[in-house]
$ cat coords02.tsv   # TSV, C-alpha atoms
chain	number	residue	atom	x	y	z
A	1	MET	CA	-86.16	57.54	-40.41
A	2	THR	CA	-87.86	58.35	-37.12
A	3	LEU	CA	-90.85	60.64	-37.16
A	4	MET	CA	-91.16	62.56	-33.93
A	5	THR	CA	-94.01	64.69	-32.75
A	6	GLU	CA	-93.20	67.42	-30.32
A	7	ARG	CA	-95.08	67.26	-27.04
A	8	PRO	CA	-98.52	68.45	-28.10
A	9	THR	CA	-100.27	71.40	-26.52
A	10	ILE	CA	-103.95	72.20	-26.29
A	11	SER	CA	-104.86	75.72	-27.45
A	12	GLY	CA	-101.38	77.07	-26.67
A	13	SER	CA	-101.50	75.86	-23.06
A	14	GLU	CA	-98.87	73.83	-21.24
A	15	PRO	CA	-97.69	70.59	-22.88
A	16	ILE	CA	-99.95	67.63	-22.22
A	17	GLY	CA	-98.90	65.04	-19.67
A	18	PHE	CA	-97.74	61.44	-19.91
A	19	GLU	CA	-101.23	59.93	-19.61
A	20	GLU	CA	-102.47	62.20	-22.40
A	21	LEU	CA	-99.54	61.10	-24.58
A	22	LEU	CA	-100.54	57.48	-23.96
A	23	ASP	CA	-104.11	58.33	-24.91
A	24	ALA	CA	-102.79	59.98	-28.09
A	25	LEU	CA	-100.92	56.75	-28.92
A	26	ASP	CA	-104.24	54.90	-28.75
A	27	GLU	CA	-105.66	57.28	-31.35
A	28	LEU	CA	-102.77	57.04	-33.82
A	29	ASP	CA	-103.40	55.31	-37.12
A	30	MET	CA	-99.97	55.03	-38.73
A	31	PRO	CA	-99.71	51.79	-40.72
A	32	GLY	CA	-96.12	50.61	-41.07
A	33	PHE	CA	-94.88	52.39	-37.95
A	34	LYS	CA	-94.62	51.54	-34.28
A	35	ALA	CA	-95.04	54.30	-31.71
A	36	GLU	CA	-93.32	54.87	-28.37
A	37	VAL	CA	-93.16	57.71	-25.84
A	38	ILE	CA	-89.58	58.92	-25.38
A	39	ARG	CA	-88.55	62.13	-23.57
A	40	GLY	CA	-92.01	63.68	-23.71
A	41	SER	CA	-92.58	63.00	-27.40
A	42	ILE	CA	-94.37	60.38	-29.45
A	43	VAL	CA	-91.71	58.74	-31.60
A	44	LEU	CA	-92.72	56.76	-34.68
A	45	SER	CA	-90.31	54.20	-36.11
A	46	PRO	CA	-90.65	52.13	-39.28
A	47	TRP	CA	-91.27	48.42	-38.92
A	48	SER	CA	-88.29	46.07	-38.80
A	49	ARG	CA	-86.37	44.62	-41.73
A	50	GLY	CA	-87.36	41.11	-42.74
A	51	TYR	CA	-84.26	39.31	-41.48
A	52	TYR	CA	-84.84	40.69	-37.98
A	53	ALA	CA	-87.53	38.00	-37.66
A	54	ARG	CA	-84.82	35.32	-37.98
A	55	VAL	CA	-82.67	37.02	-35.35
A	56	MET	CA	-85.59	37.44	-32.93
A	57	ARG	CA	-86.55	33.78	-33.42
A	58	LEU	CA	-82.94	32.67	-32.71
A	59	VAL	CA	-82.86	34.72	-29.50
A	60	CYS	CA	-86.25	33.49	-28.28
A	61	THR	CA	-85.47	29.84	-29.06
A	62	GLN	CA	-82.20	29.97	-27.13
A	63	LEU	CA	-83.55	31.85	-24.11
A	64	GLU	CA	-86.91	30.10	-23.78
A	65	ARG	CA	-85.55	27.08	-21.91
A	66	HIS	CA	-83.81	29.38	-19.42
A	67	LEU	CA	-86.81	31.56	-18.53
A	68	PRO	CA	-87.66	32.08	-14.87
A	69	GLU	CA	-90.57	29.91	-13.81
A	70	GLY	CA	-93.91	31.31	-14.96
A	71	HIS	CA	-92.33	33.70	-17.49
A	72	VAL	CA	-92.89	33.79	-21.24
A	73	ILE	CA	-90.82	35.33	-24.03
A	74	GLY	CA	-92.20	36.89	-27.18
A	75	THR	CA	-91.82	39.37	-29.99
A	76	GLY	CA	-95.35	40.68	-30.34
A	77	PRO	CA	-95.96	44.41	-30.44
A	78	PHE	CA	-96.74	45.25	-26.81
A	79	LEU	CA	-96.42	48.60	-25.07
A	80	TYR	CA	-94.61	48.56	-21.72
A	81	VAL	CA	-95.12	51.65	-19.59
A	82	PHE	CA	-92.63	53.28	-17.20
A	83	PRO	CA	-94.64	56.05	-15.48
A	84	GLY	CA	-91.79	57.22	-13.23
A	85	ASP	CA	-89.73	58.11	-16.30
A	86	GLU	CA	-92.73	59.03	-18.46
A	87	ARG	CA	-91.69	56.48	-21.08
A	88	ALA	CA	-93.57	53.81	-23.01
A	89	TYR	CA	-91.60	51.36	-25.13
A	90	GLY	CA	-92.50	48.58	-27.53
A	91	PRO	CA	-89.41	46.33	-27.31
A	92	ASP	CA	-88.53	43.88	-30.06
A	93	ILE	CA	-88.18	40.96	-27.61
A	94	HIS	CA	-89.61	40.84	-24.10
A	95	ALA	CA	-89.81	38.31	-21.28
A	96	ALA	CA	-92.23	38.75	-18.38
A	97	PRO	CA	-94.46	36.75	-16.03
A	98	GLU	CA	-97.52	35.31	-17.78
A	99	GLN	CA	-99.87	37.25	-15.47
A	100	VAL	CA	-98.65	40.57	-16.95
A	101	PHE	CA	-100.70	39.72	-20.05
A	102	GLU	CA	-103.91	38.93	-18.14
A	103	THR	CA	-105.38	42.37	-18.75
A	104	ASP	CA	-107.54	44.05	-21.35
A	105	SER	CA	-105.29	47.13	-21.23
A	106	ASN	CA	-102.68	47.75	-23.91
A	107	ARG	CA	-100.39	49.38	-21.32
A	108	LEU	CA	-98.31	46.70	-19.67
A	109	ASP	CA	-96.17	46.97	-16.52
A	110	GLY	CA	-92.60	47.68	-17.61
A	111	GLU	CA	-91.18	46.92	-14.18
A	112	ALA	CA	-92.42	43.31	-14.45
A	113	LEU	CA	-90.05	42.50	-17.33
A	114	SER	CA	-87.26	40.01	-16.68
A	115	LEU	CA	-85.52	40.67	-20.00
A	116	VAL	CA	-85.89	43.11	-22.84
A	117	ALA	CA	-84.02	43.11	-26.15
A	118	GLU	CA	-83.85	45.72	-28.85
A	119	LEU	CA	-82.58	45.23	-32.41
A	120	THR	CA	-81.27	48.60	-33.49
A	121	SER	CA	-82.10	50.38	-36.71
A	122	SER	CA	-80.54	53.58	-37.94
A	123	SER	CA	-83.63	55.47	-36.74
A	124	THR	CA	-83.82	53.97	-33.22
A	125	ARG	CA	-80.18	53.21	-32.42
A	126	ASP	CA	-79.44	56.33	-30.35
A	127	ASP	CA	-82.45	55.81	-28.06
A	128	ASP	CA	-81.71	52.08	-27.72
A	129	LEU	CA	-78.13	52.83	-26.66
A	130	THR	CA	-78.88	55.72	-24.30
A	131	ASP	CA	-82.42	56.47	-23.11
A	132	LYS	CA	-83.52	52.85	-22.86
A	133	VAL	CA	-80.34	51.75	-21.06
A	134	THR	CA	-81.11	54.25	-18.31
A	135	VAL	CA	-84.87	53.66	-18.09
A	136	TYR	CA	-84.73	49.85	-18.23
A	137	GLY	CA	-81.98	49.84	-15.59
A	138	ARG	CA	-83.83	52.21	-13.26
A	139	ALA	CA	-86.95	50.05	-13.63
A	140	GLY	CA	-84.98	47.09	-12.26
A	141	ILE	CA	-85.20	44.91	-15.37
A	142	PRO	CA	-82.54	42.25	-14.72
A	143	VAL	CA	-81.21	42.00	-18.30
A	144	TYR	CA	-81.24	44.37	-21.27
A	145	LEU	CA	-79.87	42.93	-24.51
A	146	ILE	CA	-78.97	45.25	-27.38
A	147	LEU	CA	-78.39	43.71	-30.77
A	148	ASP	CA	-76.61	46.48	-32.62
A	149	MET	CA	-77.48	45.56	-36.19
A	150	GLN	CA	-75.38	48.38	-37.65
A	151	GLU	CA	-72.18	47.53	-35.75
A	152	LYS	CA	-72.85	43.75	-35.77
A	153	ARG	CA	-72.40	43.24	-32.05
A	154	ALA	CA	-74.44	42.18	-29.04
A	155	THR	CA	-74.32	43.79	-25.61
A	156	ALA	CA	-75.85	42.44	-22.41
A	157	PHE	CA	-76.51	44.90	-19.57
A	158	TRP	CA	-77.20	43.71	-16.02
A	159	ASP	CA	-76.99	44.83	-12.37
A	160	PRO	CA	-79.81	47.41	-12.61
A	161	SER	CA	-79.54	50.43	-10.34
A	162	PRO	CA	-81.14	53.87	-9.87
A	163	LYS	CA	-78.56	55.22	-12.38
A	164	GLY	CA	-79.14	52.54	-15.03
A	165	TYR	CA	-77.04	49.39	-15.39
A	166	GLU	CA	-73.77	48.81	-13.55
A	167	SER	CA	-72.39	45.97	-15.72
A	168	ARG	CA	-72.19	45.10	-19.38
A	169	GLU	CA	-70.44	42.81	-21.84
A	170	THR	CA	-70.19	43.13	-25.63
A	171	ARG	CA	-69.35	40.50	-28.25
A	172	PRO	CA	-69.29	40.68	-32.06
A	173	PHE	CA	-71.94	38.72	-33.93
A	174	GLY	CA	-70.78	35.15	-34.42
A	175	GLU	CA	-69.46	34.83	-30.85
A	176	LYS	CA	-71.18	33.68	-27.68
A	177	LEU	CA	-72.43	36.16	-25.08
A	178	HIS	CA	-73.24	35.35	-21.46
A	179	ILE	CA	-76.79	36.29	-20.45
A	180	PRO	CA	-76.78	36.88	-16.66
A	181	ALA	CA	-79.30	35.83	-14.00
A	182	PRO	CA	-82.12	35.09	-13.89
A	183	PHE	CA	-81.29	33.39	-17.22
A	184	ASP	CA	-77.64	32.47	-16.58
A	185	CYS	CA	-77.03	31.03	-20.03
A	186	THR	CA	-75.02	31.61	-23.18
A	187	LEU	CA	-76.46	33.24	-26.29
A	188	ASP	CA	-74.88	32.14	-29.56
A	189	THR	CA	-75.03	35.12	-31.92
A	190	THR	CA	-74.15	33.11	-35.01
A	191	GLY	CA	-76.60	33.96	-37.82
A	192	PHE	CA	-77.49	37.44	-36.56
A	193	GLU	CA	-75.98	39.20	-39.59
A	194	ALA	CA	-77.94	40.57	-42.55
A	195	PRO	CA	-78.35	38.39	-45.63
A	196	GLY	CA	-75.29	38.59	-47.83
A	197	SER	CA	-72.98	39.76	-45.03
A	198	ARG	CA	-72.46	36.34	-43.42

$ encode --input "coords02.tsv" --output "structure tokens"
Amino acid sequence: MTLMTERPTISGSEPIGFEELLDALDELDMPGFKAEVIRGSIVLSPWSRGYYARVMRLVCTQLERHLPEGHVIGTGPFLYVFPGDERAYGPDIHAAPEQVFETDSNRLDGEALSLVAELTSSSTRDDDLTDKVTVYGRAGIPVYLILDMQEKRATAFWDPSPKGYESRETRPFGEKLHIPAPFDCTLDTTGFEAPGSR
């Protein structure tokens, strides 16, 4: 289940702005939930299922040797900010230049990402498949990978443009999926299924 707060107001005035929403994120104390800013609201999502750790590890292990020079890949909870779209996302997997992390801020540059991947849950799936496709593409992130855990399929988006992504390819879990430049490699999705469904 996703908990969503409507865009807050102060004493009945106009809704607060994007920077104020980011400040509100800093003040949240919601154990067991991650928070993002989506369409002018703070959206809280429950933490991932246990087997997602295996899937994220499989993705990172396969892509790590194909990273652009000076880039790192990880799964830590980091907040990437997209001011032009007034969005702030905490992707499940992210690849970016090492220098992006040389800051004491918790608001990282979303446009610096070279790859982002989201593992869907029933509460986040719609945003992963719609809002994030548009925002990540407009930000110029070369590759967006969606692992649709409900439908058991992987989709790679590439060719970012002002409208989102121009190209995509989908494969069911268990098959291989091409990950375009700057990675230009194949991702084997074997083992991405939930325990008991393999």

$ residues_around --input "coords02.tsv" --residues "stretch 33-40 of chain A" --least-positions-apart "3" --cutoff "6 Å" --atoms "only C-alpha atoms" --output "list in words"
Arg7, Met30, Val43, Leu44, Ser45, Pro46, Trp47, Arg87, Ala88 and Tyr89 of chain A

$ atom_distance --input "coords02.tsv" --atom1 "atom CA of A:Leu177" --atom2 "atom CA of A:Arg153"
9.9 Å

$ residues_near_point --input "coords02.tsv" --point "(-94.1, 40.6, -19.6)" --cutoff "9 Å" --atoms "only C-alpha atoms" --output "list in words"
His71, Val72, Ile73, Gly74, Phe78, Tyr80, His94, Ala95, Ala96, Pro97, Glu98, Gln99, Val100, Phe101, Leu108, Asp109, Gly110, Glu111, Ala112, Leu113, Ser114 and Leu115 of chain A

$ residues_near_point --input "coords02.tsv" --point "(-65.0, 45.5, -25.6)" --cutoff "12 Å" --atoms "all atoms listed in the file" --output "list in words"
Arg153, Ala154, Thr155, Ala156, Arg168, Glu169, Thr170, Arg171, Pro172 and Leu177 of chain A

$ axis_aligned_box --input "coords02.tsv" --around "stretch 181-198 of chain A" --padding-each-side "3 Å" --output "lines of an AutoDock Vina configuration file"
center_x = -77.3
center_y = 35.8
center_z = -30.9
size_x = 15.7
size_y = 15.5
size_z = 39.9

$ residues_around --input "coords02.tsv" --residues "stretch 60-63 of chain A" --least-positions-apart "2" --cutoff "9 Å" --atoms "all atoms listed in the file" --output "ChimeraX atom specification"
/A:55-58,65-67,73-75,93,179,183,185-188

$ atom_distance --input "coords02.tsv" --atom1 "atom CA of A:Ser105" --atom2 "atom CA of A:Leu145"
26.0 Å

$ residues_around --input "coords02.tsv" --residues "A:Pro142" --least-positions-apart "3" --cutoff "9 Å" --atoms "all atoms listed in the file" --output "ChimeraX atom specification"
/A:113-116,136-137,157-160,180-182

$ atom_distance --input "coords02.tsv" --atom1 "atom CA of A:Ser48" --atom2 "atom CA of A:Ile146"
14.8 Å

$ residues_around --input "coords02.tsv" --residues "A:Leu25" --least-positions-apart "2" --cutoff "9 Å" --atoms "all atoms listed in the file" --output "PyMOL selection string"
chain A and resi 20-23+27-29+35-37+42

$ closest_residue --input "coords02.tsv" --among "A:Gly164, A:Pro91, A:Gly17, A:Gly70" --to "A:Gly140" --atoms "only C-alpha atoms"
A:Gly164

$ build_atoms --input "coords02.tsv" --residues "stretch 105-131 of chain A" --atoms "N, CA and C atoms" --output "PDB file, in the frame of the given file"
ATOM      1  N   SER A 105    -105.980  45.886 -20.929  1.00  0.00           N
ATOM      2  CA  SER A 105    -105.290  47.130 -21.230  1.00  0.00           C
ATOM      3  C   SER A 105    -104.161  46.872 -22.233  1.00  0.00           C
ATOM      4  N   ASN A 106    -103.832  47.871 -23.025  1.00  0.00           N
ATOM      5  CA  ASN A 106    -102.680  47.750 -23.910  1.00  0.00           C
ATOM      6  C   ASN A 106    -101.428  48.375 -23.285  1.00  0.00           C
ATOM      7  N   ARG A 107    -101.519  48.778 -22.037  1.00  0.00           N
ATOM      8  CA  ARG A 107    -100.390  49.380 -21.320  1.00  0.00           C
ATOM      9  C   ARG A 107     -99.917  48.399 -20.254  1.00  0.00           C
ATOM     10  N   LEU A 108     -98.804  47.746 -20.548  1.00  0.00           N
ATOM     11  CA  LEU A 108     -98.310  46.700 -19.670  1.00  0.00           C
ATOM     12  C   LEU A 108     -97.250  47.247 -18.713  1.00  0.00           C
ATOM     13  N   ASP A 109     -97.084  46.555 -17.587  1.00  0.00           N
ATOM     14  CA  ASP A 109     -96.170  46.970 -16.520  1.00  0.00           C
ATOM     15  C   ASP A 109     -94.720  46.732 -16.914  1.00  0.00           C
ATOM     16  N   GLY A 110     -93.996  47.795 -17.219  1.00  0.00           N
ATOM     17  CA  GLY A 110     -92.600  47.680 -17.610  1.00  0.00           C
ATOM     18  C   GLY A 110     -91.705  47.116 -16.530  1.00  0.00           C
ATOM     19  N   GLU A 111     -92.025  47.386 -15.277  1.00  0.00           N
ATOM     20  CA  GLU A 111     -91.180  46.920 -14.180  1.00  0.00           C
ATOM     21  C   GLU A 111     -91.282  45.416 -13.962  1.00  0.00           C
ATOM     22  N   ALA A 112     -92.260  44.757 -14.592  1.00  0.00           N
ATOM     23  CA  ALA A 112     -92.420  43.310 -14.450  1.00  0.00           C
ATOM     24  C   ALA A 112     -91.490  42.527 -15.386  1.00  0.00           C
ATOM     25  N   LEU A 113     -90.901  43.189 -16.358  1.00  0.00           N
ATOM     26  CA  LEU A 113     -90.050  42.500 -17.330  1.00  0.00           C
ATOM     27  C   LEU A 113     -88.846  41.839 -16.666  1.00  0.00           C
ATOM     28  N   SER A 114     -88.489  40.648 -17.143  1.00  0.00           N
ATOM     29  CA  SER A 114     -87.260  40.010 -16.680  1.00  0.00           C
ATOM     30  C   SER A 114     -86.140  40.167 -17.690  1.00  0.00           C
ATOM     31  N   LEU A 115     -86.503  40.422 -18.946  1.00  0.00           N
ATOM     32  CA  LEU A 115     -85.520  40.670 -20.000  1.00  0.00           C
ATOM     33  C   LEU A 115     -86.196  41.480 -21.079  1.00  0.00           C
ATOM     34  N   VAL A 116     -85.433  42.381 -21.673  1.00  0.00           N
ATOM     35  CA  VAL A 116     -85.890  43.110 -22.840  1.00  0.00           C
ATOM     36  C   VAL A 116     -84.736  43.151 -23.822  1.00  0.00           C
ATOM     37  N   ALA A 117     -85.051  43.036 -25.111  1.00  0.00           N
ATOM     38  CA  ALA A 117     -84.020  43.110 -26.150  1.00  0.00           C
ATOM     39  C   ALA A 117     -84.491  44.027 -27.260  1.00  0.00           C
ATOM     40  N   GLU A 118     -83.566  44.811 -27.739  1.00  0.00           N
ATOM     41  CA  GLU A 118     -83.850  45.720 -28.850  1.00  0.00           C
ATOM     42  C   GLU A 118     -82.868  45.410 -29.981  1.00  0.00           C
ATOM     43  N   LEU A 119     -83.385  45.340 -31.215  1.00  0.00           N
ATOM     44  CA  LEU A 119     -82.580  45.230 -32.410  1.00  0.00           C
ATOM     45  C   LEU A 119     -82.538  46.626 -33.007  1.00  0.00           C
ATOM     46  N   THR A 120     -81.367  47.207 -33.076  1.00  0.00           N
ATOM     47  CA  THR A 120     -81.270  48.600 -33.490  1.00  0.00           C
ATOM     48  C   THR A 120     -81.539  48.764 -34.980  1.00  0.00           C
ATOM     49  N   SER A 121     -82.028  49.936 -35.311  1.00  0.00           N
ATOM     50  CA  SER A 121     -82.100  50.380 -36.710  1.00  0.00           C
ATOM     51  C   SER A 121     -81.477  51.762 -36.713  1.00  0.00           C
ATOM     52  N   SER A 122     -81.181  52.266 -37.894  1.00  0.00           N
ATOM     53  CA  SER A 122     -80.540  53.580 -37.940  1.00  0.00           C
ATOM     54  C   SER A 122     -81.412  54.648 -37.296  1.00  0.00           C
ATOM     55  N   SER A 123     -82.739  54.451 -37.307  1.00  0.00           N
ATOM     56  CA  SER A 123     -83.630  55.470 -36.740  1.00  0.00           C
ATOM     57  C   SER A 123     -83.806  55.344 -35.231  1.00  0.00           C
ATOM     58  N   THR A 124     -83.576  54.164 -34.654  1.00  0.00           N
ATOM     59  CA  THR A 124     -83.820  53.970 -33.220  1.00  0.00           C
ATOM     60  C   THR A 124     -82.544  53.760 -32.412  1.00  0.00           C
ATOM     61  N   ARG A 125     -81.417  53.615 -33.082  1.00  0.00           N
ATOM     62  CA  ARG A 125     -80.180  53.210 -32.420  1.00  0.00           C
ATOM     63  C   ARG A 125     -79.803  54.110 -31.241  1.00  0.00           C
ATOM     64  N   ASP A 126     -79.856  55.418 -31.423  1.00  0.00           N
ATOM     65  CA  ASP A 126     -79.440  56.330 -30.350  1.00  0.00           C
ATOM     66  C   ASP A 126     -80.280  56.129 -29.086  1.00  0.00           C
ATOM     67  N   ASP A 127     -81.595  56.023 -29.237  1.00  0.00           N
ATOM     68  CA  ASP A 127     -82.450  55.810 -28.060  1.00  0.00           C
ATOM     69  C   ASP A 127     -82.205  54.439 -27.431  1.00  0.00           C
ATOM     70  N   ASP A 128     -81.990  53.411 -28.254  1.00  0.00           N
ATOM     71  CA  ASP A 128     -81.710  52.080 -27.720  1.00  0.00           C
ATOM     72  C   ASP A 128     -80.436  52.063 -26.895  1.00  0.00           C
ATOM     73  N   LEU A 129     -79.431  52.837 -27.319  1.00  0.00           N
ATOM     74  CA  LEU A 129     -78.130  52.830 -26.660  1.00  0.00           C
ATOM     75  C   LEU A 129     -78.019  53.811 -25.493  1.00  0.00           C
ATOM     76  N   THR A 130     -78.983  54.714 -25.363  1.00  0.00           N
ATOM     77  CA  THR A 130     -78.880  55.720 -24.300  1.00  0.00           C
ATOM     78  C   THR A 130     -80.119  55.727 -23.410  1.00  0.00           C
ATOM     79  N   ASP A 131     -81.211  56.303 -23.905  1.00  0.00           N
ATOM     80  CA  ASP A 131     -82.420  56.470 -23.110  1.00  0.00           C
ATOM     81  C   ASP A 131     -82.910  55.151 -22.518  1.00  0.00           C
TER      82      ASP A 131
END
